[in-house]
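Reproduced below: coords.cif, with mmCIF, C-alpha atoms and all ligand atoms.
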data_protein
loop_
_atom_site.label_atom_id
_atom_site.label_comp_id
_atom_site.auth_asym_id
_atom_site.auth_seq_id
_atom_site.Cartn_x
_atom_site.Cartn_y
_atom_site.Cartn_z
CA MET A 8 0.00 0.00 0.00
CA ASN A 9 1.24 3.48 -0.79
CA ARG A 10 1.10 6.52 1.44
CA ARG A 11 -2.12 7.79 -0.13
CA ASN A 12 -4.16 4.67 0.61
CA TRP A 13 -2.52 4.28 3.97
CA LEU A 14 -3.62 7.78 4.94
CA LYS A 15 -7.10 7.18 3.58
CA ASN A 16 -7.36 4.14 5.78
CA THR A 17 -6.18 6.15 8.75
CA ALA A 18 -9.18 8.42 8.30
CA LEU A 19 -11.51 5.47 7.89
CA LEU A 20 -10.26 3.74 10.98
CA THR A 21 -10.24 6.79 13.17
CA GLY A 22 -13.90 7.35 12.39
CA GLY A 23 -13.37 9.85 9.57
CA ILE A 24 -15.85 8.03 7.32
CA THR A 25 -18.73 8.74 9.65
CA MET A 26 -18.07 12.45 9.11
CA LEU A 27 -18.38 12.19 5.31
CA PRO A 28 -21.52 13.39 3.52
CA PRO A 29 -23.64 10.37 2.47
CA ALA A 30 -23.03 10.94 -1.26
CA ILE A 31 -19.28 10.81 -0.79
CA SER A 32 -19.55 7.77 1.48
CA ARG A 33 -21.53 6.03 -1.27
CA LEU A 34 -18.86 6.90 -3.82
CA GLN A 35 -16.16 5.59 -1.50
CA ALA A 36 -18.07 2.38 -0.99
CA ALA A 37 -18.41 1.95 -4.77
CA ALA A 38 -14.72 2.59 -5.45
CA LYS A 39 -12.72 -0.39 -6.53
CA PRO A 40 -10.99 -1.96 -3.51
CA VAL A 41 -7.23 -1.65 -3.45
CA LEU A 42 -5.69 -5.07 -3.12
CA SER A 43 -2.13 -4.88 -2.01
CA SER A 44 0.06 -7.15 0.00
CA ASN A 45 0.41 -4.95 3.04
CA THR A 46 -3.02 -3.35 3.28
CA VAL A 47 -3.99 -5.06 6.50
CA SER A 48 -0.82 -4.19 8.35
CA ASP A 49 -0.99 -0.57 7.29
CA MET A 50 -4.56 -0.22 8.42
CA THR A 51 -3.71 -1.75 11.75
CA PHE A 52 -0.63 0.40 11.97
CA ALA A 53 -2.41 3.61 11.16
CA ALA A 54 -5.16 2.88 13.65
CA GLY A 55 -2.70 2.46 16.45
CA MET A 56 -0.34 5.36 15.74
CA PRO A 57 0.27 7.17 19.02
CA PRO A 58 0.84 10.92 18.89
CA ASP A 59 4.12 10.66 20.80
CA LEU A 60 6.15 8.40 18.51
CA LYS A 61 9.75 7.90 19.61
CA ALA A 62 10.82 6.77 16.16
CA ARG A 63 9.04 7.68 12.94
CA LEU A 64 10.42 5.00 10.65
CA PHE A 65 7.51 4.26 8.31
CA ALA A 66 7.62 6.83 5.48
CA ASN A 67 11.22 6.92 4.18
CA GLU A 68 11.58 10.57 5.11
CA ASN A 69 14.94 12.22 5.74
CA PRO A 70 15.11 13.52 9.32
CA PHE A 71 18.50 15.12 8.54
CA GLY A 72 16.83 17.67 6.31
CA PRO A 73 15.89 20.24 5.27
CA SER A 74 19.19 22.06 4.85
CA ALA A 75 19.87 25.28 6.75
CA LYS A 76 19.86 27.13 3.41
CA ALA A 77 16.45 25.68 2.56
CA LYS A 78 14.99 26.74 5.92
CA GLN A 79 16.32 30.28 5.46
CA ALA A 80 14.96 30.43 1.89
CA MET A 81 11.51 29.29 3.07
CA THR A 82 11.41 32.09 5.64
CA ASP A 83 12.62 34.64 3.09
CA SER A 84 9.96 33.54 0.58
CA MET A 85 7.09 34.73 2.76
CA GLY A 86 7.25 38.25 1.34
CA THR A 87 6.37 37.12 -2.19
CA SER A 88 3.82 34.52 -1.15
CA TYR A 89 0.91 36.77 -2.17
CA GLN A 90 1.99 36.17 -5.79
CA TYR A 91 1.57 33.10 -7.99
CA GLN A 92 5.15 31.87 -8.24
CA LEU A 93 5.34 31.88 -12.03
CA THR A 94 8.90 33.14 -12.49
CA GLN A 95 10.19 31.15 -9.51
CA VAL A 96 8.81 27.87 -10.90
CA LYS A 97 10.48 28.61 -14.23
CA GLU A 98 13.70 29.39 -12.36
CA LEU A 99 13.57 26.03 -10.58
CA GLU A 100 12.82 24.14 -13.80
CA GLU A 101 15.65 25.95 -15.61
CA LYS A 102 18.08 25.25 -12.79
CA ILE A 103 17.34 21.52 -12.97
CA CYS A 104 17.53 21.51 -16.77
CA ALA A 105 20.83 23.41 -16.75
CA PHE A 106 22.33 20.81 -14.39
CA GLU A 107 21.06 17.90 -16.49
CA GLY A 108 21.75 19.53 -19.86
CA LEU A 109 18.09 19.40 -20.87
CA ASP A 110 15.77 21.52 -22.96
CA PRO A 111 13.37 23.21 -20.43
CA LYS A 112 10.47 21.88 -22.53
CA MET A 113 11.36 18.45 -21.14
CA ILE A 114 10.48 19.13 -17.49
CA MET A 115 7.30 19.46 -15.50
CA THR A 116 7.29 20.18 -11.77
CA GLY A 117 4.49 19.24 -9.42
CA SER A 118 3.61 19.31 -5.74
CA GLY A 119 5.62 16.16 -5.06
CA SER A 120 6.04 13.42 -7.62
CA SER A 121 2.77 11.72 -6.57
CA PRO A 122 0.50 13.98 -8.69
CA LEU A 123 2.79 13.35 -11.65
CA LEU A 124 2.54 9.58 -11.19
CA LEU A 125 -1.24 10.02 -11.17
CA GLY A 126 -1.01 12.18 -14.30
CA ALA A 127 0.90 9.44 -16.13
CA ALA A 128 -1.66 6.80 -15.09
CA LEU A 129 -4.55 8.98 -16.29
CA ALA A 130 -2.83 10.09 -19.49
CA LEU A 131 -1.79 6.62 -20.61
CA LEU A 132 -4.27 4.15 -19.12
CA SER A 133 -7.63 5.90 -18.91
CA LYS A 134 -8.76 4.11 -22.07
CA GLY A 135 -7.78 0.73 -20.57
CA GLY A 136 -4.83 -1.53 -21.25
CA ASN A 137 -2.27 -2.71 -18.75
CA VAL A 138 0.72 -1.52 -16.77
CA VAL A 139 3.66 -3.86 -16.16
CA THR A 140 5.58 -3.53 -12.87
CA ALA A 141 7.84 -5.53 -10.59
CA ASP A 142 6.31 -7.16 -7.52
CA PRO A 143 6.66 -5.83 -4.91
CA THR A 144 7.30 -2.25 -5.91
CA TYR A 145 5.97 1.20 -5.07
CA ASP A 146 2.34 0.66 -5.91
CA ASP A 147 0.95 4.19 -6.18
CA LEU A 148 0.93 4.41 -9.97
CA PRO A 149 -0.34 0.86 -10.68
CA THR A 150 -3.11 1.09 -8.06
CA ARG A 151 -4.20 4.33 -9.72
CA CYS A 152 -4.31 2.41 -13.00
CA GLU A 153 -6.50 -0.27 -11.41
CA HIS A 154 -8.88 2.43 -10.20
CA ILE A 155 -9.44 3.52 -13.79
CA ASN A 156 -10.07 -0.09 -14.81
CA ALA A 157 -6.71 -0.81 -16.36
CA THR A 158 -4.97 -4.10 -15.55
CA TRP A 159 -1.85 -4.45 -13.43
CA ILE A 160 0.62 -7.12 -14.56
CA LYS A 161 2.97 -7.98 -11.70
CA VAL A 162 6.34 -9.58 -12.39
CA PRO A 163 8.10 -11.11 -9.35
CA LEU A 164 11.52 -9.79 -8.38
CA THR A 165 14.58 -12.02 -8.92
CA ALA A 166 16.03 -14.18 -6.14
CA GLU A 167 18.21 -11.14 -5.26
CA TYR A 168 15.05 -9.01 -4.87
CA LYS A 169 15.85 -6.98 -8.00
CA HIS A 170 13.72 -6.12 -11.03
CA ASP A 171 13.62 -9.09 -13.42
CA LEU A 172 13.97 -7.02 -16.60
CA ASP A 173 13.92 -10.04 -18.93
CA ALA A 174 10.68 -11.33 -17.43
CA MET A 175 9.19 -7.82 -17.49
CA GLU A 176 10.00 -7.48 -21.18
CA LYS A 177 8.34 -10.83 -21.86
CA ALA A 178 5.25 -9.75 -19.91
CA ILE A 179 4.61 -6.80 -22.25
CA ASN A 180 1.75 -7.53 -24.63
CA ALA A 181 -0.33 -5.70 -27.24
CA ASP A 182 -2.41 -4.03 -24.50
CA THR A 183 0.53 -2.72 -22.47
CA LYS A 184 0.49 1.07 -22.23
CA LEU A 185 3.14 1.60 -19.59
CA VAL A 186 6.05 -0.17 -17.90
CA TYR A 187 6.83 1.19 -14.42
CA ILE A 188 10.31 0.72 -12.96
CA CYS A 189 11.18 1.99 -9.50
CA ASN A 190 14.97 2.24 -9.29
CA PRO A 191 16.12 2.00 -6.52
CA ASN A 192 13.10 -0.11 -5.69
CA ASN A 193 10.75 0.63 -2.83
CA PRO A 194 10.26 -1.44 -0.60
CA THR A 195 13.37 -3.62 -1.19
CA GLY A 196 16.03 -0.88 -1.53
CA THR A 197 17.65 -2.80 -4.41
CA ILE A 198 18.92 -1.43 -7.73
CA VAL A 199 19.07 -2.92 -11.20
CA ASP A 200 22.24 -2.87 -13.26
CA ALA A 201 22.27 0.62 -14.80
CA GLU A 202 23.56 -0.45 -18.22
CA LYS A 203 21.02 -3.27 -18.43
CA LEU A 204 18.22 -0.87 -17.54
CA LYS A 205 19.41 1.66 -20.13
CA SER A 206 19.38 -0.92 -22.93
CA PHE A 207 16.02 -2.28 -21.67
CA CYS A 208 14.56 1.24 -21.93
CA GLU A 209 16.09 1.85 -25.32
CA ARG A 210 14.43 -1.33 -26.70
CA VAL A 211 11.14 -1.26 -24.81
CA SER A 212 10.45 2.46 -25.26
CA LYS A 213 10.11 1.84 -29.01
CA LYS A 214 6.96 -0.16 -28.22
CA VAL A 215 5.58 1.38 -25.03
CA THR A 216 6.25 4.26 -22.61
CA VAL A 217 8.62 3.39 -19.76
CA PHE A 218 8.23 5.26 -16.46
CA VAL A 219 11.36 5.22 -14.30
CA ASP A 220 10.74 6.40 -10.75
CA GLU A 221 14.05 7.66 -9.34
CA ALA A 222 12.72 8.91 -5.99
CA TYR A 223 15.69 7.40 -4.11
CA ILE A 224 18.45 7.87 -6.71
CA ASP A 225 20.11 10.66 -4.69
CA TYR A 226 21.13 8.00 -2.14
CA LEU A 227 23.38 6.24 -4.70
CA PRO A 228 27.10 7.05 -4.79
CA ASP A 229 26.89 8.33 -8.39
CA PRO A 230 23.30 9.19 -9.41
CA GLN A 231 24.47 10.73 -12.69
CA SER A 232 25.78 7.39 -13.97
CA THR A 233 22.60 5.56 -12.96
CA THR A 234 19.84 7.95 -13.99
CA LEU A 235 17.78 7.29 -17.08
CA ILE A 236 17.62 11.00 -17.89
CA GLY A 237 20.33 10.35 -20.52
CA ASN A 238 17.90 8.04 -22.35
CA ALA A 239 15.26 10.76 -22.33
CA LYS A 240 17.86 13.16 -23.76
CA LYS A 241 18.33 10.76 -26.67
CA GLY A 242 14.64 11.21 -27.51
CA GLN A 243 13.38 7.92 -26.08
CA ASN A 244 9.80 7.53 -24.92
CA ILE A 245 10.51 7.44 -21.20
CA ILE A 246 9.33 9.44 -18.21
CA VAL A 247 11.80 9.90 -15.34
CA ALA A 248 10.36 11.02 -12.00
CA ARG A 249 12.33 12.72 -9.21
CA THR A 250 11.37 14.16 -5.85
CA PHE A 251 12.68 16.56 -3.22
CA SER A 252 10.94 14.44 -0.57
CA LYS A 253 13.80 12.07 0.14
CA LEU A 254 17.48 13.11 0.40
CA TYR A 255 16.54 16.81 0.19
CA GLY A 256 14.38 16.33 3.29
CA LEU A 257 11.43 18.29 1.90
CA ALA A 258 8.59 15.72 1.99
CA GLY A 259 6.32 18.20 3.77
CA MET A 260 7.07 20.95 1.24
CA ARG A 261 5.88 18.84 -1.74
CA VAL A 262 8.14 19.32 -4.76
CA GLY A 263 8.79 16.77 -7.50
CA TYR A 264 9.29 16.71 -11.24
CA VAL A 265 9.28 14.54 -14.34
CA ILE A 266 11.57 14.59 -17.35
CA ALA A 267 10.16 13.38 -20.67
CA GLN A 268 9.81 14.32 -24.34
CA PRO A 269 8.10 17.73 -24.81
CA GLU A 270 5.00 16.05 -26.35
CA MET A 271 4.69 13.78 -23.30
CA ILE A 272 5.13 16.76 -20.96
CA SER A 273 2.24 18.51 -22.79
CA LEU A 274 0.10 15.38 -22.51
CA LEU A 275 0.83 14.97 -18.78
CA GLY A 276 -0.02 18.65 -18.31
CA ASN A 277 -3.60 17.80 -19.31
CA TYR A 278 -3.91 15.36 -16.41
CA ALA A 279 -1.62 16.58 -13.61
CA ALA A 280 -1.54 19.99 -11.93
CA THR A 281 1.68 21.55 -13.18
CA GLY A 282 4.08 23.30 -10.84
CA LEU A 283 3.15 26.75 -12.14
CA PHE A 284 -0.02 26.82 -10.04
CA SER A 285 0.56 24.02 -7.55
CA LEU A 286 3.91 24.88 -5.97
CA SER A 287 3.89 27.21 -2.96
CA ALA A 288 6.42 30.00 -2.46
CA PRO A 289 8.28 28.26 0.41
CA ALA A 290 8.33 24.97 -1.49
CA ILE A 291 9.99 26.48 -4.56
CA ALA A 292 12.37 28.55 -2.46
CA ALA A 293 13.45 25.47 -0.48
CA ALA A 294 13.95 23.40 -3.64
CA LEU A 295 15.93 26.18 -5.32
CA ALA A 296 18.14 26.62 -2.26
CA SER A 297 18.94 22.96 -1.76
CA TYR A 298 19.11 21.52 -5.30
CA GLN A 299 22.56 19.92 -5.76
CA ASP A 300 23.83 21.47 -2.50
CA LYS A 301 26.62 18.90 -2.22
CA THR A 302 27.72 19.91 1.29
CA TYR A 303 24.24 19.36 2.68
CA MET A 304 23.70 16.19 0.64
CA GLN A 305 26.99 14.61 1.76
CA ASP A 306 26.27 15.43 5.40
CA ALA A 307 22.76 13.94 5.28
CA LEU A 308 24.10 10.86 3.46
CA GLN A 309 26.85 10.29 6.01
CA LYS A 310 24.40 10.51 8.91
CA MET A 311 22.05 8.09 7.14
CA VAL A 312 24.90 5.61 6.48
CA LYS A 313 25.91 5.72 10.17
CA SER A 314 22.34 5.02 11.30
CA LYS A 315 22.00 2.24 8.69
CA GLN A 316 25.19 0.55 9.85
CA TYR A 317 23.88 0.69 13.42
CA LEU A 318 20.67 -1.00 12.24
CA TYR A 319 22.59 -3.72 10.39
CA ASP A 320 24.63 -4.41 13.55
CA VAL A 321 21.47 -4.64 15.69
CA LEU A 322 19.80 -7.02 13.22
CA LYS A 323 22.90 -9.24 13.01
CA ALA A 324 23.31 -9.31 16.80
CA GLU A 325 19.68 -10.42 17.17
CA GLY A 326 20.11 -13.17 14.56
CA TYR A 327 18.21 -11.50 11.71
CA SER A 328 19.15 -11.16 8.04
CA TYR A 329 18.26 -8.22 5.78
CA ILE A 330 18.31 -7.16 2.12
CA PRO A 331 21.41 -4.96 1.67
CA SER A 332 19.96 -1.56 0.86
CA ASN A 333 21.01 1.21 -1.52
CA THR A 334 18.55 3.61 0.06
CA ASN A 335 17.34 5.12 3.31
CA PHE A 336 15.21 2.09 4.19
CA VAL A 337 15.88 -1.60 4.80
CA MET A 338 13.72 -4.71 4.50
CA PHE A 339 14.29 -7.66 6.79
CA PRO A 340 12.40 -10.93 7.28
CA LEU A 341 10.46 -11.27 10.52
CA LYS A 342 10.15 -14.25 12.80
CA MET A 343 6.56 -13.46 13.75
CA ASP A 344 3.37 -12.24 12.17
CA GLY A 345 3.93 -8.83 10.56
CA VAL A 346 0.74 -7.26 11.88
CA ARG A 347 1.57 -8.36 15.41
CA PHE A 348 5.14 -7.13 15.07
CA THR A 349 4.24 -3.64 13.81
CA ASP A 350 1.49 -3.38 16.43
CA GLU A 351 3.83 -4.34 19.25
CA MET A 352 6.52 -1.96 18.01
CA MET A 353 3.94 0.79 17.71
CA LYS A 354 2.90 0.24 21.32
CA ARG A 355 6.55 0.93 22.14
CA GLY A 356 6.48 4.17 20.12
CA VAL A 357 8.24 2.85 17.01
CA GLY A 358 6.40 3.23 13.69
CA LEU A 359 7.34 0.68 11.01
CA ARG A 360 5.67 -1.02 8.04
CA HIS A 361 5.22 -4.61 7.13
CA TRP A 362 5.02 -6.57 3.86
CA LYS A 363 4.29 -10.06 2.71
CA LEU A 364 6.93 -11.26 0.26
CA ASN A 365 7.53 -14.80 -1.00
CA ASN A 366 4.97 -16.05 1.52
CA ALA A 367 7.02 -14.65 4.39
CA GLU A 368 6.52 -11.69 6.71
CA TRP A 369 8.87 -8.73 6.34
CA CYS A 370 9.45 -5.40 8.00
CA ARG A 371 10.46 -2.23 6.15
CA ILE A 372 12.25 0.22 8.37
CA SER A 373 13.21 3.75 7.30
CA ILE A 374 16.57 5.01 8.45
CA GLY A 375 16.14 7.70 11.07
CA ARG A 376 18.27 9.72 13.46
CA MET A 377 20.48 7.75 15.84
CA ASP A 378 18.06 8.32 18.76
CA GLU A 379 15.29 6.81 16.62
CA MET A 380 17.42 3.80 15.70
CA GLU A 381 18.25 3.29 19.38
CA ALA A 382 14.54 3.46 20.24
CA PHE A 383 13.95 0.82 17.54
CA ALA A 384 16.76 -1.37 18.94
CA ALA A 385 15.45 -1.20 22.51
CA ALA A 386 11.90 -2.15 21.45
CA PHE A 387 13.11 -4.78 18.98
CA LYS A 388 15.21 -6.56 21.62
CA GLU A 389 12.08 -7.00 23.73
CA LEU A 390 10.34 -8.80 20.85
CA SER A 391 13.04 -10.68 18.95
C1 LIG A 401 9.24 5.29 -5.09
C2 LIG A 401 8.46 6.49 -4.71
N1 LIG A 401 7.99 7.28 -5.68
C3 LIG A 401 7.28 8.37 -5.40
C4 LIG A 401 7.00 8.72 -4.10
C5 LIG A 401 6.14 9.93 -3.86
O1 LIG A 401 6.87 10.93 -3.29
P1 LIG A 401 6.41 12.46 -3.31
O2 LIG A 401 5.02 12.57 -3.77
O3 LIG A 401 6.61 12.91 -1.90
O4 LIG A 401 7.37 13.11 -4.26
C6 LIG A 401 7.45 7.92 -3.04
C7 LIG A 401 7.14 8.25 -1.65
O5 LIG A 401 7.44 7.59 -0.70
C8 LIG A 401 8.21 6.77 -3.36
O6 LIG A 401 8.66 5.95 -2.42
#
Whole structure given in structure tokens:
Amino acid sequence: MNRRNWLKNTALLTGGITMLPPAISRLQAAAKPVLSSNTVSDMTFAAGMPPDLKARLFANENPFGPSAKAKQAMTDSMGTSYQYQLTQVKELEEKICAFEGLDPKMIMTGSGSSPLLLGAALALLSKGGNVVTADPTYDDLPTRCEHINATWIKVPLTAEYKHDLDAMEKAINADTKLVYICNPNNPTGTIVDAEKLKSFCERVSKKVTVFVDEAYIDYLPDPQSTTLIGNAKKGQNIIVARTFSKLYGLAGMRVGYVIAQPEMISLLGNYAATGLFSLSAPAIAAALASYQDKTYMQDALQKMVKSKQYLYDVLKAEGYSYIPSNTNFVMFPLKMDGVRFTDEMMKRGVGLRHWKLNNAEWCRISIGRMDEMEAFAAAFKELS
């Protein structure tokens, strides 16, 4: 389950549905149910979330952000917040395009990448067809597709928990409208071989649009050698999504963008609210101030790596394995029921998420500050 459905369920379980007007309640009841592997645990988790969490390790946020420069820029932006931020949005888009060597017609910003994922689903699958993804992966875009009556073809990950690109290519059929690749993958934190992915996109994009979600790419040692933006530059039919919600530590500010061919950007603009009217003054200011701020990025990365190593040591000491992660979250197999585990951890003030994968129960833990990881360790030792 993605954050959107998880939050919706929070409202349902905390009694929010009883507050809805009857017509909306009827519409909700008629909506297609979202079937995803971790729905039950998330609902349980959301219902039991105490206000005084010791460790918020369920949403892959970056507690080492935002940068000092971003905070200052947000404060300074207040004076112009009576204006629509037309020139500032253009400035942000041009800054990103200058760094990537792109024509500014190839970018569209949005309030986070989520509305842009929705835009792609609506633009490409509203007349039906199917979307091919790995399983498990970030399920926001494919569940949106299911809601508009498209079909979701799920291709299991390899034994190393990576995208099985060969199997995904074979799964494409005449009705496929979109292939979605999340690299690095959420929830497993794994990456596919960059060169293999580039040649996959080069081949597949001749038949069907490929969407590459690079939300976590800033956590890799060399994002520029891994990104698929180069393929877009060559004119291929791919959409690359990025966000300021992860390493930049701006999840609450809501800034994301997609890179694609100008025609695709125009098409997406018909279905997703573009940044011009959906980005707030502080959000743009923060993104402008922190984009490619290497000093801040290195510092946040180092802190994350230290906390992740601490987690690995705790898991090993308690006799647990884990999937080595390229990101700010780690998946590890549980020795008890996932719902019970996340509930018990939540009672101890530690928010986590749980998945079912290969018929086993798994936990996904986001990497937090050291005090949060210590709170996790203390609670975990009581249960493991
Ligand atoms: C893989 C992936 N893509 C997209 C998003 C959406 O991020 P946002 O809307 O904050 O940009 C997330 C959020 O967790 C994510 O994990």
Counting all atoms listed in the file, which residues of chain A sit at most 8 Å from some atom of ligand LIG 401 (chain A), and what is each one's closest atom pair with its distance in Å to one decimal, listed by chain and rising residue number, as CSV?
residue,atom,partner,partner_atom,distance
A:Asn9,CA,A:LIG401,O5,7.4
A:Arg10,CA,A:LIG401,O5,6.8
A:Ala66,CA,A:LIG401,O5,6.2
A:Asn67,CA,A:LIG401,O5,6.2
A:Glu68,CA,A:LIG401,O5,7.7
A:Ser118,CA,A:LIG401,O2,7.2
A:Gly119,CA,A:LIG401,O4,3.6
A:Ser120,CA,A:LIG401,O4,3.6
A:Ser121,CA,A:LIG401,O2,3.7
A:Pro122,CA,A:LIG401,O2,6.8
A:Leu124,CA,A:LIG401,C3,7.6
A:Thr144,CA,A:LIG401,C1,7.8
A:Tyr145,CA,A:LIG401,C1,5.2
A:Asp147,CA,A:LIG401,C3,7.6
A:Cys189,CA,A:LIG401,C1,5.8
A:Asn190,CA,A:LIG401,C1,7.7
A:Pro191,CA,A:LIG401,C1,7.8
A:Asn192,CA,A:LIG401,C1,6.7
A:Asn193,CA,A:LIG401,C1,5.4
A:Pro194,CA,A:LIG401,O6,7.8
A:Asp220,CA,A:LIG401,N1,5.8
A:Glu221,CA,A:LIG401,C1,6.8
A:Ala222,CA,A:LIG401,N1,5.0
A:Tyr223,CA,A:LIG401,C1,6.9
A:Ala248,CA,A:LIG401,N1,7.7
A:Arg249,CA,A:LIG401,O4,7.0
A:Thr250,CA,A:LIG401,O4,4.4
A:Phe251,CA,A:LIG401,O4,6.4
A:Ser252,CA,A:LIG401,O3,4.8
A:Lys253,CA,A:LIG401,O3,7.5
A:Ala258,CA,A:LIG401,O3,5.2
A:Gly259,CA,A:LIG401,O3,7.8
A:Arg261,CA,A:LIG401,O3,6.0
A:Val262,CA,A:LIG401,O4,6.3
A:Gly263,CA,A:LIG401,O4,5.1
Determine, counting all atoms listed in the file, which protein, DNA and RNA residues have an atom within 10 Å of an atom of region 367-375 of chain A; residues of the same chain fewer than 2 positions away are not included. Present the result as an mmCIF file with C-alpha atoms, in the coordinates of the input.
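In the end it all went to around24.cif:
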data_model
loop_
_atom_site.group_PDB
_atom_site.id
_atom_site.type_symbol
_atom_site.label_atom_id
_atom_site.label_comp_id
_atom_site.auth_asym_id
_atom_site.auth_seq_id
_atom_site.Cartn_x
_atom_site.Cartn_y
_atom_site.Cartn_z
ATOM 1 C CA ASN A 45 0.410 -4.950 3.040
ATOM 2 C CA ALA A 62 10.820 6.770 16.160
ATOM 3 C CA ARG A 63 9.040 7.680 12.940
ATOM 4 C CA LEU A 64 10.420 5.000 10.650
ATOM 5 C CA PHE A 65 7.510 4.260 8.310
ATOM 6 C CA ALA A 66 7.620 6.830 5.480
ATOM 7 C CA ASN A 67 11.220 6.920 4.180
ATOM 8 C CA GLU A 68 11.580 10.570 5.110
ATOM 9 C CA ASN A 69 14.940 12.220 5.740
ATOM 10 C CA PRO A 70 15.110 13.520 9.320
ATOM 11 C CA PHE A 71 18.500 15.120 8.540
ATOM 12 C CA ASN A 193 10.750 0.630 -2.830
ATOM 13 C CA PRO A 194 10.260 -1.440 -0.600
ATOM 14 C CA THR A 195 13.370 -3.620 -1.190
ATOM 15 C CA GLY A 196 16.030 -0.880 -1.530
ATOM 16 C CA LYS A 310 24.400 10.510 8.910
ATOM 17 C CA MET A 311 22.050 8.090 7.140
ATOM 18 C CA VAL A 312 24.900 5.610 6.480
ATOM 19 C CA LYS A 313 25.910 5.720 10.170
ATOM 20 C CA SER A 314 22.340 5.020 11.300
ATOM 21 C CA LYS A 315 22.000 2.240 8.690
ATOM 22 C CA GLN A 316 25.190 0.550 9.850
ATOM 23 C CA TYR A 317 23.880 0.690 13.420
ATOM 24 C CA LEU A 318 20.670 -1.000 12.240
ATOM 25 C CA TYR A 329 18.260 -8.220 5.780
ATOM 26 C CA THR A 334 18.550 3.610 0.060
ATOM 27 C CA ASN A 335 17.340 5.120 3.310
ATOM 28 C CA PHE A 336 15.210 2.090 4.190
ATOM 29 C CA VAL A 337 15.880 -1.600 4.800
ATOM 30 C CA MET A 338 13.720 -4.710 4.500
ATOM 31 C CA PHE A 339 14.290 -7.660 6.790
ATOM 32 C CA PRO A 340 12.400 -10.930 7.280
ATOM 33 C CA LEU A 341 10.460 -11.270 10.520
ATOM 34 C CA LYS A 342 10.150 -14.250 12.800
ATOM 35 C CA MET A 343 6.560 -13.460 13.750
ATOM 36 C CA ASP A 344 3.370 -12.240 12.170
ATOM 37 C CA GLY A 345 3.930 -8.830 10.560
ATOM 38 C CA VAL A 346 0.740 -7.260 11.880
ATOM 39 C CA PHE A 348 5.140 -7.130 15.070
ATOM 40 C CA THR A 349 4.240 -3.640 13.810
ATOM 41 C CA VAL A 357 8.240 2.850 17.010
ATOM 42 C CA GLY A 358 6.400 3.230 13.690
ATOM 43 C CA LEU A 359 7.340 0.680 11.010
ATOM 44 C CA ARG A 360 5.670 -1.020 8.040
ATOM 45 C CA HIS A 361 5.220 -4.610 7.130
ATOM 46 C CA TRP A 362 5.020 -6.570 3.860
ATOM 47 C CA LYS A 363 4.290 -10.060 2.710
ATOM 48 C CA LEU A 364 6.930 -11.260 0.260
ATOM 49 C CA ASN A 365 7.530 -14.800 -1.000
ATOM 50 C CA MET A 377 20.480 7.750 15.840
ATOM 51 C CA ASP A 378 18.060 8.320 18.760
ATOM 52 C CA GLU A 379 15.290 6.810 16.620
ATOM 53 C CA MET A 380 17.420 3.800 15.700
ATOM 54 C CA GLU A 381 18.250 3.290 19.380
ATOM 55 C CA PHE A 383 13.950 0.820 17.540
#
Residues within 10 Å of Val211 (chain A), please, as a PDB file with C-alpha atoms, in the frame of the given file. Count all atoms listed in the file; anything in the same chain fewer than 2 positions from it doesn't count.
ATOM      1  CA  GLU A 176      10.000  -7.480 -21.180  1.00  0.00           C
ATOM      2  CA  ILE A 179       4.610  -6.800 -22.250  1.00  0.00           C
ATOM      3  CA  LEU A 185       3.140   1.600 -19.590  1.00  0.00           C
ATOM      4  CA  VAL A 186       6.050  -0.170 -17.900  1.00  0.00           C
ATOM      5  CA  LYS A 205      19.410   1.660 -20.130  1.00  0.00           C
ATOM      6  CA  SER A 206      19.380  -0.920 -22.930  1.00  0.00           C
ATOM      7  CA  PHE A 207      16.020  -2.280 -21.670  1.00  0.00           C
ATOM      8  CA  CYS A 208      14.560   1.240 -21.930  1.00  0.00           C
ATOM      9  CA  GLU A 209      16.090   1.850 -25.320  1.00  0.00           C
ATOM     10  CA  LYS A 213      10.110   1.840 -29.010  1.00  0.00           C
ATOM     11  CA  LYS A 214       6.960  -0.160 -28.220  1.00  0.00           C
ATOM     12  CA  VAL A 215       5.580   1.380 -25.030  1.00  0.00           C
ATOM     13  CA  THR A 216       6.250   4.260 -22.610  1.00  0.00           C
ATOM     14  CA  VAL A 217       8.620   3.390 -19.760  1.00  0.00           C
ATOM     15  CA  GLN A 243      13.380   7.920 -26.080  1.00  0.00           C
ATOM     16  CA  ASN A 244       9.800   7.530 -24.920  1.00  0.00           C
ATOM     17  CA  ILE A 245      10.510   7.440 -21.200  1.00  0.00           C
TER      18      ILE A 245
END
- Message: Residues within 10 Å of Ile103 (chain A), please, as a list in words. Count only C-alpha atoms; anything in the same chain fewer than 4 positions from it doesn't count.
- Response: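 With the cut-off at 10 Å, the set is Lys97, Glu98, Leu99, Glu107, Gly108, Leu109, Pro111, Ile114, Tyr264, Leu295, Tyr298 and Gln299 of chain A.
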- Nearby residues (all atoms listed in the file) at most 12 Å from Lys388 (chain A), same-chain spacing under 6 positions excluded, as a PyMOL selection string: chain A and resi 321-327+351-352+355+381-382
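CA of Lys76 (chain A) sits 27.3 Å away from CA of Ala280 (chain A).
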- Message: Show me, as a ChimeraX atom specification, the residues that have an atom within 9 Å of Leu235 (chain A) when counting only C-alpha atoms, minus same-chain residues fewer than 2 positions from it.
- Response: /A:201,204-205,208,219,221,231-233,237-240,245-247
- Item | Of the listed residues A:Asp350, A:Phe218, A:Pro230, A:Asp83, that which approaches Gly126 (chain A) most closely, counting all atoms listed in the file | A:Phe218
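Proximity of A:Gln90, A:Gln95, A:Thr150, A:Thr165 to Ala290 (chain A), computed with only C-alpha atoms, is greatest for A:Gln95.
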